[in-house]
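Source file: protein07.cif. Holds: mmCIF, C-alpha atoms.
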```cif
data_entry
loop_
_atom_site.label_atom_id
_atom_site.label_comp_id
_atom_site.auth_asym_id
_atom_site.auth_seq_id
_atom_site.Cartn_x
_atom_site.Cartn_y
_atom_site.Cartn_z
CA HIS H 1 -97.51 -1.11 12.75
CA SER H 2 -97.60 0.07 16.33
CA SER H 3 -94.73 2.48 16.96
CA PHE H 4 -96.89 5.61 17.05
CA HIS H 5 -99.10 3.90 19.63
CA PHE H 6 -96.11 4.03 21.96
CA VAL H 7 -94.83 7.46 20.97
CA ASP H 8 -97.99 9.32 20.01
CA PRO H 9 -97.23 12.35 17.81
CA ASP H 10 -100.22 14.18 19.28
CA LEU H 11 -98.49 14.03 22.66
CA TYR H 12 -94.84 14.44 21.76
CA PHE H 13 -94.22 15.92 18.32
CA GLU H 14 -94.59 19.59 19.21
CA ASP H 15 -92.04 19.51 22.04
CA HIS H 16 -89.88 16.65 20.75
CA PRO H 17 -89.80 16.52 16.96
CA GLU H 18 -86.45 14.71 17.32
CA TYR H 19 -88.39 11.57 18.27
CA TYR H 20 -89.65 11.34 14.68
CA ALA H 21 -87.90 10.49 11.43
CA LEU H 22 -85.91 13.08 9.55
CA LEU H 23 -87.13 12.77 5.95
CA GLY H 24 -86.21 15.17 3.18
CA GLY H 25 -84.60 17.51 5.69
CA GLU H 26 -87.61 17.74 8.01
CA ARG H 27 -88.86 15.89 11.07
CA ARG H 28 -92.19 14.40 10.03
CA ARG H 29 -95.30 13.00 11.65
CA GLU H 30 -97.53 12.99 8.56
CA ALA H 31 -97.39 10.75 5.50
CA TYR H 32 -94.24 11.14 3.42
CA GLY H 33 -94.98 10.44 -0.22
CA ASP H 34 -97.58 7.68 -0.06
CA MET H 35 -96.30 6.00 3.10
CA GLN H 36 -96.43 6.52 6.85
CA PRO H 37 -93.43 8.15 8.52
CA GLN H 38 -91.39 6.39 11.18
CA LEU H 39 -89.81 7.09 14.54
CA CYS H 40 -86.20 8.21 14.80
CA LEU H 41 -84.99 5.11 16.64
CA SER H 42 -81.69 6.74 17.63
CA ALA H 43 -83.73 8.99 19.94
CA PHE H 44 -84.49 5.89 22.04
CA MET H 45 -81.37 3.71 21.67
CA THR H 46 -77.76 4.65 21.12
CA ILE H 47 -75.62 3.01 18.45
CA ASP H 48 -73.96 0.98 21.23
CA GLY H 49 -77.24 -0.34 22.60
CA GLU H 50 -77.64 2.03 25.54
CA LYS H 51 -81.11 3.24 26.47
CA THR H 52 -81.71 6.98 26.23
CA GLU H 53 -84.06 8.89 28.53
CA ALA H 54 -86.72 8.77 25.84
CA PHE H 55 -86.68 4.95 25.97
CA ASP H 56 -88.80 5.17 29.10
CA ILE H 57 -91.67 6.59 27.04
CA ILE H 58 -91.92 3.28 25.21
CA LYS H 59 -91.23 1.18 28.27
CA ASN H 60 -93.84 2.98 30.40
CA LYS H 61 -96.51 2.79 27.70
CA LEU H 62 -95.89 -0.94 27.33
CA ALA H 63 -96.10 -1.39 31.11
CA GLU H 64 -99.41 0.49 31.09
CA ASP H 65 -100.78 -1.75 28.33
CA ILE H 66 -99.61 -4.92 30.09
CA ALA H 67 -101.27 -3.80 33.32
CA ALA H 68 -104.55 -3.46 31.43
CA TYR H 69 -104.22 -6.95 29.90
CA PRO H 70 -101.98 -8.92 32.27
CA ASP H 71 -102.80 -12.33 30.79
CA ALA H 72 -101.66 -11.41 27.28
CA ILE H 73 -98.29 -12.93 26.36
CA TYR H 74 -97.30 -11.35 23.03
CA TRP H 75 -96.65 -7.62 22.80
CA ASP H 76 -95.67 -5.91 19.58
CA PHE H 77 -93.56 -2.86 18.82
CA SER H 78 -93.15 -2.50 15.05
CA ILE H 79 -92.44 0.11 12.41
CA ASN H 80 -95.29 1.88 10.69
CA ASP H 81 -96.49 0.61 7.32
CA GLY H 82 -94.06 2.19 4.93
CA TYR H 83 -90.48 2.20 3.79
CA HIS H 84 -88.87 5.54 4.58
CA PRO H 85 -86.38 5.10 7.47
CA CYS H 86 -85.02 8.05 9.38
CA GLU H 87 -82.25 9.89 7.51
CA CYS H 88 -80.54 11.54 10.50
CA GLU H 89 -76.80 11.07 11.04
CA LYS H 90 -77.18 8.79 14.08
CA CYS H 91 -79.63 6.45 12.38
CA ALA H 92 -77.46 6.37 9.25
CA ALA H 93 -74.37 5.55 11.33
CA ALA H 94 -76.21 2.71 13.07
CA CYS H 95 -77.36 1.34 9.73
CA GLU H 96 -73.77 1.37 8.49
CA LYS H 97 -72.46 -0.30 11.65
CA TYR H 98 -75.01 -3.14 11.65
CA GLY H 99 -75.53 -3.42 7.91
CA SER H 100 -79.27 -2.90 8.35
CA HIS H 101 -81.85 -0.34 9.44
CA ALA H 102 -83.05 -3.06 11.82
CA GLY H 103 -79.97 -2.67 14.05
CA LEU H 104 -81.41 0.00 16.33
CA LEU H 105 -84.84 -1.65 16.24
CA LEU H 106 -83.51 -5.01 17.42
CA LEU H 107 -81.47 -3.34 20.17
CA LEU H 108 -84.65 -1.62 21.34
CA ILE H 109 -86.68 -4.85 21.17
CA ASN H 110 -84.01 -6.72 23.15
CA ALA H 111 -84.07 -3.97 25.79
CA LEU H 112 -87.86 -4.26 26.09
CA ALA H 113 -87.54 -8.04 26.35
CA GLN H 114 -85.13 -7.63 29.25
CA GLU H 115 -87.53 -5.22 30.96
CA PHE H 116 -90.45 -7.67 30.57
CA PRO H 117 -88.90 -11.16 30.76
CA ASP H 118 -92.25 -12.93 31.28
CA LYS H 119 -93.66 -11.56 28.01
CA MET H 120 -92.87 -12.22 24.35
CA ILE H 121 -91.77 -8.99 22.69
CA SER H 122 -92.51 -9.02 18.99
CA THR H 123 -91.54 -6.91 15.99
CA LEU H 124 -91.97 -6.96 12.22
CA ALA H 125 -89.02 -7.76 9.97
CA TYR H 126 -90.74 -5.87 7.17
CA GLN H 127 -89.73 -3.56 4.33
CA HIS H 128 -86.40 -1.93 5.29
CA MET H 129 -86.32 -3.94 8.54
CA ARG H 130 -86.11 -7.34 6.80
CA THR H 131 -82.32 -7.38 6.50
CA LEU H 132 -80.68 -9.07 9.48
CA PRO H 133 -78.48 -6.69 11.52
CA GLN H 134 -75.01 -8.09 12.12
CA GLY H 135 -73.63 -8.83 15.58
CA ILE H 136 -76.96 -8.86 17.48
CA LYS H 137 -78.71 -11.97 18.77
CA CYS H 138 -82.31 -11.93 19.90
CA GLU H 139 -83.21 -12.34 23.55
CA PRO H 140 -85.01 -15.68 24.26
CA ASN H 141 -88.35 -13.91 24.63
CA VAL H 142 -88.13 -11.97 21.35
CA ASN H 143 -90.47 -12.90 18.50
CA ILE H 144 -89.59 -11.82 14.96
CA VAL H 145 -92.49 -11.52 12.50
CA ILE H 146 -91.20 -11.94 8.95
CA ALA H 147 -93.55 -10.61 6.30
CA PRO H 148 -92.19 -11.68 2.89
CA ILE H 149 -94.38 -9.41 0.79
CA GLN H 150 -91.97 -9.07 -2.16
CA THR H 151 -92.00 -12.75 -2.93
CA SER H 152 -93.27 -15.59 -5.09
CA GLN H 153 -96.41 -17.71 -4.91
CA LEU H 154 -95.13 -20.03 -7.64
CA TYR H 155 -91.63 -20.92 -6.40
CA SER H 156 -91.37 -22.29 -2.86
CA TYR H 157 -89.03 -20.62 -0.38
CA LYS H 158 -87.72 -24.11 0.39
CA TRP H 159 -85.88 -24.24 -2.92
CA GLY H 160 -85.48 -20.56 -3.78
CA GLY H 161 -86.13 -21.27 -7.44
CA ASN H 162 -86.32 -17.63 -8.54
CA ASP H 163 -84.96 -14.32 -7.27
CA SER H 164 -87.90 -13.40 -5.02
CA SER H 165 -88.27 -16.82 -3.36
CA ALA H 166 -84.48 -17.05 -2.98
CA GLN H 167 -84.54 -13.69 -1.19
CA ALA H 168 -87.30 -14.87 1.18
CA LYS H 169 -85.38 -18.10 1.82
CA ARG H 170 -82.23 -16.17 2.70
CA ILE H 171 -84.04 -13.71 4.99
CA ILE H 172 -85.84 -16.47 6.93
CA GLU H 173 -82.70 -18.59 7.28
CA GLU H 174 -80.65 -15.62 8.48
CA TRP H 175 -83.19 -14.62 11.14
CA ALA H 176 -83.48 -18.27 12.21
CA GLY H 177 -79.77 -18.10 13.03
CA VAL H 178 -80.31 -15.44 15.71
CA CYS H 179 -83.91 -15.99 16.86
CA ASP H 180 -85.65 -19.06 18.28
CA ASN H 181 -89.16 -17.69 17.69
CA LEU H 182 -90.10 -16.74 14.17
CA PHE H 183 -93.61 -15.85 13.02
CA ILE H 184 -94.38 -15.84 9.29
CA TRP H 185 -96.97 -13.34 8.08
CA ASP H 186 -97.72 -15.02 4.76
CA TYR H 187 -99.77 -13.60 1.89
CA THR H 188 -101.98 -15.87 -0.22
CA VAL H 189 -104.01 -13.59 -2.51
CA ASN H 190 -103.60 -11.29 -5.48
CA PHE H 191 -104.20 -7.91 -3.84
CA ASN H 192 -104.79 -6.19 -7.19
CA HIS H 193 -107.41 -8.70 -8.35
CA LEU H 194 -109.04 -10.53 -5.44
CA LEU H 195 -111.52 -12.31 -7.73
CA LEU H 196 -109.02 -13.47 -10.34
CA PRO H 197 -108.21 -17.22 -10.45
CA TYR H 198 -105.04 -17.62 -8.38
CA PRO H 199 -103.47 -21.11 -8.43
CA ASN H 200 -100.98 -20.91 -5.57
CA LEU H 201 -101.71 -24.10 -3.64
CA ALA H 202 -98.80 -26.12 -5.02
CA VAL H 203 -96.08 -24.29 -3.07
CA GLN H 204 -97.74 -24.35 0.34
CA LYS H 205 -96.54 -27.74 1.59
CA ASP H 206 -92.91 -27.10 0.65
CA ASN H 207 -93.12 -23.68 2.28
CA LEU H 208 -94.44 -25.23 5.50
CA GLU H 209 -91.65 -27.81 5.59
CA PHE H 210 -89.15 -25.00 5.15
CA TYR H 211 -90.71 -23.02 7.99
CA LEU H 212 -90.51 -25.97 10.36
CA GLN H 213 -86.81 -26.33 9.59
CA ASN H 214 -86.13 -22.70 10.49
CA ASN H 215 -87.52 -21.93 13.97
CA VAL H 216 -90.92 -20.82 12.69
CA ARG H 217 -93.39 -21.26 15.57
CA SER H 218 -96.41 -19.40 14.19
CA ILE H 219 -97.91 -18.69 10.78
CA PHE H 220 -100.63 -16.32 9.68
CA HIS H 221 -101.86 -16.86 6.12
CA GLN H 222 -103.43 -13.58 5.04
CA GLY H 223 -106.27 -13.77 2.57
CA SER H 224 -108.35 -10.73 1.76
CA ARG H 225 -110.37 -8.72 4.26
CA GLU H 226 -113.25 -8.50 1.79
CA GLN H 227 -115.99 -11.09 1.33
CA GLY H 228 -115.75 -13.49 -1.56
CA ASP H 229 -112.15 -13.53 -2.74
CA GLU H 230 -111.17 -16.37 -5.04
CA MET H 231 -111.57 -19.87 -3.51
CA ALA H 232 -111.41 -18.36 -0.01
CA CYS H 233 -113.10 -21.29 1.74
CA LEU H 234 -111.08 -23.96 -0.04
CA ARG H 235 -107.79 -22.18 0.57
CA SER H 236 -108.60 -21.54 4.24
CA TYR H 237 -109.51 -25.19 4.76
CA VAL H 238 -106.38 -26.56 3.10
CA LEU H 239 -104.00 -24.16 4.82
CA ALA H 240 -105.59 -24.63 8.26
CA ARG H 241 -105.53 -28.44 8.03
CA GLN H 242 -101.94 -28.32 6.86
CA LEU H 243 -100.95 -26.18 9.84
CA TRP H 244 -102.71 -28.62 12.14
CA ASP H 245 -100.88 -31.59 10.62
CA ALA H 246 -97.76 -30.86 8.59
CA ASP H 247 -97.77 -34.41 7.17
CA THR H 248 -101.18 -33.94 5.56
CA ASP H 249 -101.41 -35.14 1.96
CA VAL H 250 -102.60 -31.97 0.25
CA ASN H 251 -103.91 -33.81 -2.80
CA GLU H 252 -106.06 -36.06 -0.61
CA LEU H 253 -107.25 -33.02 1.30
CA LEU H 254 -108.22 -31.20 -1.90
CA ALA H 255 -110.00 -34.28 -3.25
CA LYS H 256 -112.00 -34.60 -0.03
CA TYR H 257 -112.95 -30.93 0.05
CA VAL H 258 -113.99 -30.88 -3.61
CA ALA H 259 -116.01 -34.12 -3.29
CA VAL H 260 -117.90 -32.95 -0.19
CA THR H 261 -118.46 -29.37 -1.36
CA TYR H 262 -119.31 -29.84 -5.02
CA LYS H 263 -120.84 -33.35 -5.05
CA ASP H 264 -121.80 -34.31 -8.62
CA ALA H 265 -119.89 -31.31 -9.96
CA ALA H 266 -116.70 -32.45 -8.20
CA PRO H 267 -114.98 -34.06 -11.24
CA TYR H 268 -115.28 -30.84 -13.24
CA VAL H 269 -114.15 -28.63 -10.36
CA ALA H 270 -111.17 -30.90 -9.71
CA GLU H 271 -110.21 -30.70 -13.38
CA TYR H 272 -110.54 -26.90 -13.25
CA ILE H 273 -108.18 -26.68 -10.26
CA ASP H 274 -105.70 -29.07 -11.88
CA ALA H 275 -105.84 -27.19 -15.19
CA MET H 276 -105.00 -23.87 -13.51
CA HIS H 277 -102.06 -25.30 -11.61
CA SER H 278 -100.75 -27.10 -14.66
CA ALA H 279 -100.94 -23.99 -16.85
CA VAL H 280 -99.38 -21.64 -14.28
CA SER H 281 -96.31 -23.89 -14.10
CA ASN H 282 -95.27 -22.30 -17.40
CA ALA H 283 -95.40 -18.77 -15.93
CA ASN H 284 -92.36 -16.70 -15.02
CA ASP H 285 -93.84 -16.13 -11.57
CA LEU H 286 -97.04 -15.64 -9.59
CA ASP H 287 -96.94 -12.44 -7.59
CA LEU H 288 -99.16 -10.78 -5.00
CA TYR H 289 -99.92 -7.88 -7.34
CA ASP H 290 -100.20 -9.60 -10.74
CA GLU H 291 -102.17 -8.21 -13.65
CA PRO H 292 -104.18 -10.62 -15.82
CA SER H 293 -102.21 -9.61 -18.92
CA TRP H 294 -99.01 -10.92 -17.33
CA HIS H 295 -100.40 -14.45 -17.65
CA ALA H 296 -101.76 -14.19 -21.18
CA LEU H 297 -99.43 -16.97 -22.30
CA ASP H 298 -100.00 -19.37 -19.42
CA TYR H 299 -102.90 -19.92 -17.05
CA LEU H 300 -104.94 -16.90 -18.21
CA SER H 301 -104.47 -17.47 -21.92
CA THR H 302 -107.50 -17.41 -24.22
CA ILE H 303 -107.29 -21.20 -24.54
CA SER H 304 -107.05 -21.71 -20.76
CA ILE H 305 -109.98 -19.43 -20.00
CA ALA H 306 -112.15 -21.15 -22.62
CA LYS H 307 -111.35 -24.49 -20.96
CA TYR H 308 -112.30 -23.12 -17.54
CA GLN H 309 -115.58 -21.79 -18.89
CA LYS H 310 -116.46 -25.15 -20.41
CA LEU H 311 -115.65 -26.98 -17.17
CA ILE H 312 -117.75 -24.58 -15.10
CA GLU H 313 -120.71 -24.96 -17.45
CA SER H 314 -120.42 -28.75 -17.14
CA ALA H 315 -120.21 -28.45 -13.36
CA LYS H 316 -123.34 -26.28 -13.27
CA ALA H 317 -125.23 -28.73 -15.45
CA ALA H 318 -124.28 -31.61 -13.14
CA VAL H 319 -125.88 -29.97 -10.10
CA LYS H 320 -128.61 -27.82 -11.65
CA GLU H 321 -131.26 -29.45 -9.44
CA ASP H 322 -129.28 -28.81 -6.22
CA GLU H 323 -129.61 -25.12 -5.42
CA ALA H 324 -127.02 -25.05 -2.61
CA VAL H 325 -124.30 -26.82 -4.59
CA LEU H 326 -125.07 -24.82 -7.72
CA ALA H 327 -124.46 -21.63 -5.72
CA ARG H 328 -121.02 -22.95 -4.72
CA VAL H 329 -120.15 -23.66 -8.34
CA GLU H 330 -121.29 -20.17 -9.27
CA GLU H 331 -118.76 -18.77 -6.81
CA LEU H 332 -116.11 -20.32 -9.07
CA GLU H 333 -117.92 -19.07 -12.15
CA LEU H 334 -117.54 -15.53 -10.84
CA ASN H 335 -113.75 -15.97 -10.90
CA VAL H 336 -113.77 -17.41 -14.40
CA VAL H 337 -115.96 -14.68 -15.93
CA TYR H 338 -113.75 -12.10 -14.18
CA ALA H 339 -110.77 -13.64 -15.97
CA LYS H 340 -112.68 -13.55 -19.25
CA MET H 341 -113.46 -9.85 -18.78
CA PHE H 342 -109.72 -9.08 -18.65
CA GLU H 343 -108.74 -11.52 -21.41
CA PRO H 344 -106.29 -9.87 -23.84
CA SER H 345 -108.24 -10.95 -26.92
CA LEU H 346 -110.49 -9.36 -29.53
CA ASP H 347 -113.51 -11.33 -28.35
CA VAL H 348 -115.48 -8.19 -27.50
CA VAL H 349 -118.85 -9.96 -27.51
CA GLY H 350 -117.59 -12.73 -25.22
CA LYS H 351 -116.11 -10.24 -22.81
CA GLU H 352 -119.30 -8.18 -22.74
CA LYS H 353 -121.28 -11.34 -21.93
CA ALA H 354 -118.79 -12.17 -19.21
CA PHE H 355 -119.25 -8.70 -17.73
CA GLU H 356 -123.04 -9.05 -17.72
CA ARG H 357 -122.78 -12.43 -16.03
CA PHE H 358 -120.25 -11.05 -13.58
CA CYS H 359 -122.64 -8.28 -12.52
CA THR H 360 -125.44 -10.78 -11.99
CA LEU H 361 -123.28 -13.14 -9.94
CA ALA H 362 -121.72 -10.36 -7.89
CA GLU H 363 -125.16 -9.09 -6.97
CA GLU H 364 -126.47 -12.55 -6.11
CA GLN H 365 -123.42 -13.37 -3.96
CA GLY H 366 -123.36 -10.10 -2.08
#
```
Could you show the structure in this file as structure tokens?
Amino acid sequence: HSSFHFVDPDLYFEDHPEYYALLGGERRREAYGDMQPQLCLSAFMTIDGEKTEAFDIIKNKLAEDIAAYPDAIYWDFSINDGYHPCECEKCAAACEKYGSHAGLLLLLINALAQEFPDKMISTLAYQHMRTLPQGIKCEPNVNIVIAPIQTSQLYSYKWGGNDSSAQAKRIIEEWAGVCDNLFIWDYTVNFNHLLLPYPNLAVQKDNLEFYLQNNVRSIFHQGSREQGDEMACLRSYVLARQLWDADTDVNELLAKYVAVTYKDAAPYVAEYIDAMHSAVSNANDLDLYDEPSWHALDYLSTISIAKYQKLIESAKAAVKEDEAVLARVEELELNVVYAKMFEPSLDVVGKEKAFERFCTLAEEQG
């Protein structure tokens, strides 16, 4: 989200408010609603792809940055983190002409790529910039970063089995038709509940195969920034090994990880992982912002959670003499008692016990 790095409002807004998005009838540099404002891209590129005088502000800032880090290959110019595009007449006309707000952005990125042919010029196809602009092909040294944040973790993009995964599939395939270098910024956690059980491993291999078929050269799987999100180490291991070798058998990989990590508790942990993935297959979807109550009839049902609790207790009993392995099992227990706390049942006593155990585990695990 780098556009204000190149056109700093502290330097330019007072004398050139026209560089910044027109939103609600005003040129804005501050947050609009709950999101960051944007640049007015028509101040830097014309609808026909001609550079304006103001384009040199971006070009010169990029040249300055490159001079400071000459060995760096990838350089990014992307919209700020938010939706609101500029509402001025020129930006609106460009959006109508190209069928996308990304029309002016891609023209600008292509112009930067021509100015710096030995560098990869990158931009985010994100929020209102996801839709492919018509009639523009990317320069060979342009890198498009697709961030499919409104998408499924239950239905693979390869098949497009529901509306959100079908949308991601279409967006990636369309950009692959005009760009040889795609970068997927993938999301692999529930941002609303980082500690909630989150069985999303089943789609990853199909997703990777789909990426490889569509000019995807790089992938970043985003977990949480915070310490201790659900199965962080397991998920990182599986995804990293899969990126290293796309032909990896994920089931074999999981079995190896579980056996090495959990030792005598491994059979119970494996059954816990399998039970989650089996139960979530009955869900409508698995989203990046799910609430526990949305899965009260599938993998977070009262029956499912009771099964998880029983398996974790068995796993703990199997390794009670091994302090290090027991601590690893208790990391999983934290997720299960978190699920119990949010269980949509009348088991008040059970949920209070889960909360007490959660507090103890959270403290012990930092």
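Reported to one decimal place, the separation of CA of Trp175 in chain H from CA of Asn143 in chain H is 10.5 Å.
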* Asked: Written as number ranges by chain, what is the full residue list that the PyMOL selection byres ((chain H and resi 332-340) around 10) yields on the file shown?
  -> H: 193-198, 228-231, 269, 272, 292-293, 300-302, 305-309, 311-313, 315-316, 327-331, 341-345, 347, 350-362, 365
Please produce a file of those selected residues containing C-alpha atoms, as a compact mmCIF listing (two decimals), in the coordinates of the input.
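Once written, out32.txt looks like this:
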```txt
# COMPACT_ATOMS: atom_id res chain seq x y z
CA HIS H 193 -107.41 -8.70 -8.35
CA LEU H 194 -109.04 -10.53 -5.44
CA LEU H 195 -111.52 -12.31 -7.73
CA LEU H 196 -109.02 -13.47 -10.34
CA PRO H 197 -108.21 -17.22 -10.45
CA TYR H 198 -105.04 -17.62 -8.38
CA GLY H 228 -115.75 -13.49 -1.56
CA ASP H 229 -112.15 -13.53 -2.74
CA GLU H 230 -111.17 -16.37 -5.04
CA MET H 231 -111.57 -19.87 -3.51
CA VAL H 269 -114.15 -28.63 -10.36
CA TYR H 272 -110.54 -26.90 -13.25
CA PRO H 292 -104.18 -10.62 -15.82
CA SER H 293 -102.21 -9.61 -18.92
CA LEU H 300 -104.94 -16.90 -18.21
CA SER H 301 -104.47 -17.47 -21.92
CA THR H 302 -107.50 -17.41 -24.22
CA ILE H 305 -109.98 -19.43 -20.00
CA ALA H 306 -112.15 -21.15 -22.62
CA LYS H 307 -111.35 -24.49 -20.96
CA TYR H 308 -112.30 -23.12 -17.54
CA GLN H 309 -115.58 -21.79 -18.89
CA LEU H 311 -115.65 -26.98 -17.17
CA ILE H 312 -117.75 -24.58 -15.10
CA GLU H 313 -120.71 -24.96 -17.45
CA ALA H 315 -120.21 -28.45 -13.36
CA LYS H 316 -123.34 -26.28 -13.27
CA ALA H 327 -124.46 -21.63 -5.72
CA ARG H 328 -121.02 -22.95 -4.72
CA VAL H 329 -120.15 -23.66 -8.34
CA GLU H 330 -121.29 -20.17 -9.27
CA GLU H 331 -118.76 -18.77 -6.81
CA MET H 341 -113.46 -9.85 -18.78
CA PHE H 342 -109.72 -9.08 -18.65
CA GLU H 343 -108.74 -11.52 -21.41
CA PRO H 344 -106.29 -9.87 -23.84
CA SER H 345 -108.24 -10.95 -26.92
CA ASP H 347 -113.51 -11.33 -28.35
CA GLY H 350 -117.59 -12.73 -25.22
CA LYS H 351 -116.11 -10.24 -22.81
CA GLU H 352 -119.30 -8.18 -22.74
CA LYS H 353 -121.28 -11.34 -21.93
CA ALA H 354 -118.79 -12.17 -19.21
CA PHE H 355 -119.25 -8.70 -17.73
CA GLU H 356 -123.04 -9.05 -17.72
CA ARG H 357 -122.78 -12.43 -16.03
CA PHE H 358 -120.25 -11.05 -13.58
CA CYS H 359 -122.64 -8.28 -12.52
CA THR H 360 -125.44 -10.78 -11.99
CA LEU H 361 -123.28 -13.14 -9.94
CA ALA H 362 -121.72 -10.36 -7.89
CA GLN H 365 -123.42 -13.37 -3.96
```
Step by step, work through what the PyMOL selection byres ((chain H and resi 115) around 12) selects in the shown file, and finish by giving those residues as a CSV table (one decimal) with C-alpha atoms, in the frame of the given file.
```
chain,number,residue,atom,x,y,z
H,51,LYS,CA,-81.1,3.2,26.5
H,55,PHE,CA,-86.7,5.0,26.0
H,56,ASP,CA,-88.8,5.2,29.1
H,58,ILE,CA,-91.9,3.3,25.2
H,59,LYS,CA,-91.2,1.2,28.3
H,60,ASN,CA,-93.8,3.0,30.4
H,62,LEU,CA,-95.9,-0.9,27.3
H,63,ALA,CA,-96.1,-1.4,31.1
H,108,LEU,CA,-84.6,-1.6,21.3
H,109,ILE,CA,-86.7,-4.8,21.2
H,110,ASN,CA,-84.0,-6.7,23.2
H,111,ALA,CA,-84.1,-4.0,25.8
H,112,LEU,CA,-87.9,-4.3,26.1
H,113,ALA,CA,-87.5,-8.0,26.4
H,114,GLN,CA,-85.1,-7.6,29.2
H,116,PHE,CA,-90.4,-7.7,30.6
H,117,PRO,CA,-88.9,-11.2,30.8
H,118,ASP,CA,-92.2,-12.9,31.3
H,119,LYS,CA,-93.7,-11.6,28.0
H,120,MET,CA,-92.9,-12.2,24.4
H,121,ILE,CA,-91.8,-9.0,22.7
H,139,GLU,CA,-83.2,-12.3,23.6
H,141,ASN,CA,-88.4,-13.9,24.6
H,142,VAL,CA,-88.1,-12.0,21.4
```
So that I can check the surroundings of His101 in chain H, please list as a CSV table (one decimal) with C-alpha atoms, in the frame of the given file every protein, DNA and RNA residue that reaches within 7 Å of it, counting all atoms listed in the file and ignoring chain neighbours fewer than 5 positions away.
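Output saved as part_2.csv:
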```csv
chain,number,residue,atom,x,y,z
H,95,CYS,CA,-77.4,1.3,9.7
H,128,HIS,CA,-86.4,-1.9,5.3
H,129,MET,CA,-86.3,-3.9,8.5
```
Apply the PyMOL selection byres ((chain H and resi 254-264) around 8) to the structure shown and report the selected residues as a JSON list (two decimals) with C-alpha atoms, keeping the file's coordinate frame.
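Final output, result_9.json:
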```
[["chain", "number", "residue", "atom", "x", "y", "z"],
["H", 234, "LEU", "CA", -111.08, -23.96, -0.04],
["H", 238, "VAL", "CA", -106.38, -26.56, 3.10],
["H", 250, "VAL", "CA", -102.60, -31.97, 0.25],
["H", 251, "ASN", "CA", -103.91, -33.81, -2.80],
["H", 252, "GLU", "CA", -106.06, -36.06, -0.61],
["H", 253, "LEU", "CA", -107.25, -33.02, 1.30],
["H", 265, "ALA", "CA", -119.89, -31.31, -9.96],
["H", 266, "ALA", "CA", -116.70, -32.45, -8.20],
["H", 267, "PRO", "CA", -114.98, -34.06, -11.24],
["H", 269, "VAL", "CA", -114.15, -28.63, -10.36],
["H", 270, "ALA", "CA", -111.17, -30.90, -9.71],
["H", 315, "ALA", "CA", -120.21, -28.45, -13.36],
["H", 318, "ALA", "CA", -124.28, -31.61, -13.14],
["H", 319, "VAL", "CA", -125.88, -29.97, -10.10],
["H", 325, "VAL", "CA", -124.30, -26.82, -4.59],
["H", 328, "ARG", "CA", -121.02, -22.95, -4.72],
["H", 329, "VAL", "CA", -120.15, -23.66, -8.34]]
```
* **Option closest in space to Lys90 in chain H, from H:Tyr69, H:Phe210, H:Tyr126, H:Phe44 [counting all atoms listed in the file]** => H:Phe44
* Asked: Mind pulling up the distance from CA of Ile149 in chain H to CA of Ile73 in chain H?
  ->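 CA of Ile149 in chain H lies at a distance of 26.1 Å from CA of Ile73 in chain H.
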* Tell me, in Å to one decimal, how far CA of His84 in chain H is from CA of Glu14 in chain H. => 21.1 Å
* **Nearest to Ser152 in chain H, chosen from H:Ala166, H:Leu22, H:Leu286, H:Leu104, with all atoms listed in the file counted in the distances** =>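 The shortest atom-to-atom distance to Ser152 in chain H comes from H:Leu286.
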* Asked: Using all atoms listed in the file, which of the listed residues (H:Val189, H:Leu132, H:Met276, H:Val178) sits closest to Tyr289 in chain H?
  ->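 That would be H:Val189, the residue with the smallest distance to Tyr289 in chain H.
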* **For Tyr155 in chain H, the nearest of the candidates H:Ser281, H:Thr248, H:Ser3, H:Ser304, counting all atoms listed in the file** => H:Ser281
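Taking all atoms listed in the file into account, Leu154 in chain H lies nearest to H:Ala283 out of the set H:Ala283, H:Ala43, H:Leu208, H:Ala168.
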* List every protein, DNA or RNA residue with an atom no more than 8 Å from (-96.6, -4.0, 14.6) in the file's coordinates, counting only C-alpha atoms, and format the result as a ChimeraX atom specification. => /H:1-3,76-80,122-124
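Closest approach to Gln127 in chain H among H:Ala72, H:Leu212, H:Ile146, H:Arg235: H:Ile146, based on only C-alpha atoms.
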* **Distance query Pro199 in chain H at most 8 Å, all atoms listed in the file, self and fewer than 5 positions along chain excluded, as a list of chain:residue names** => H:Ile273, H:Met276, H:His277, H:Val280
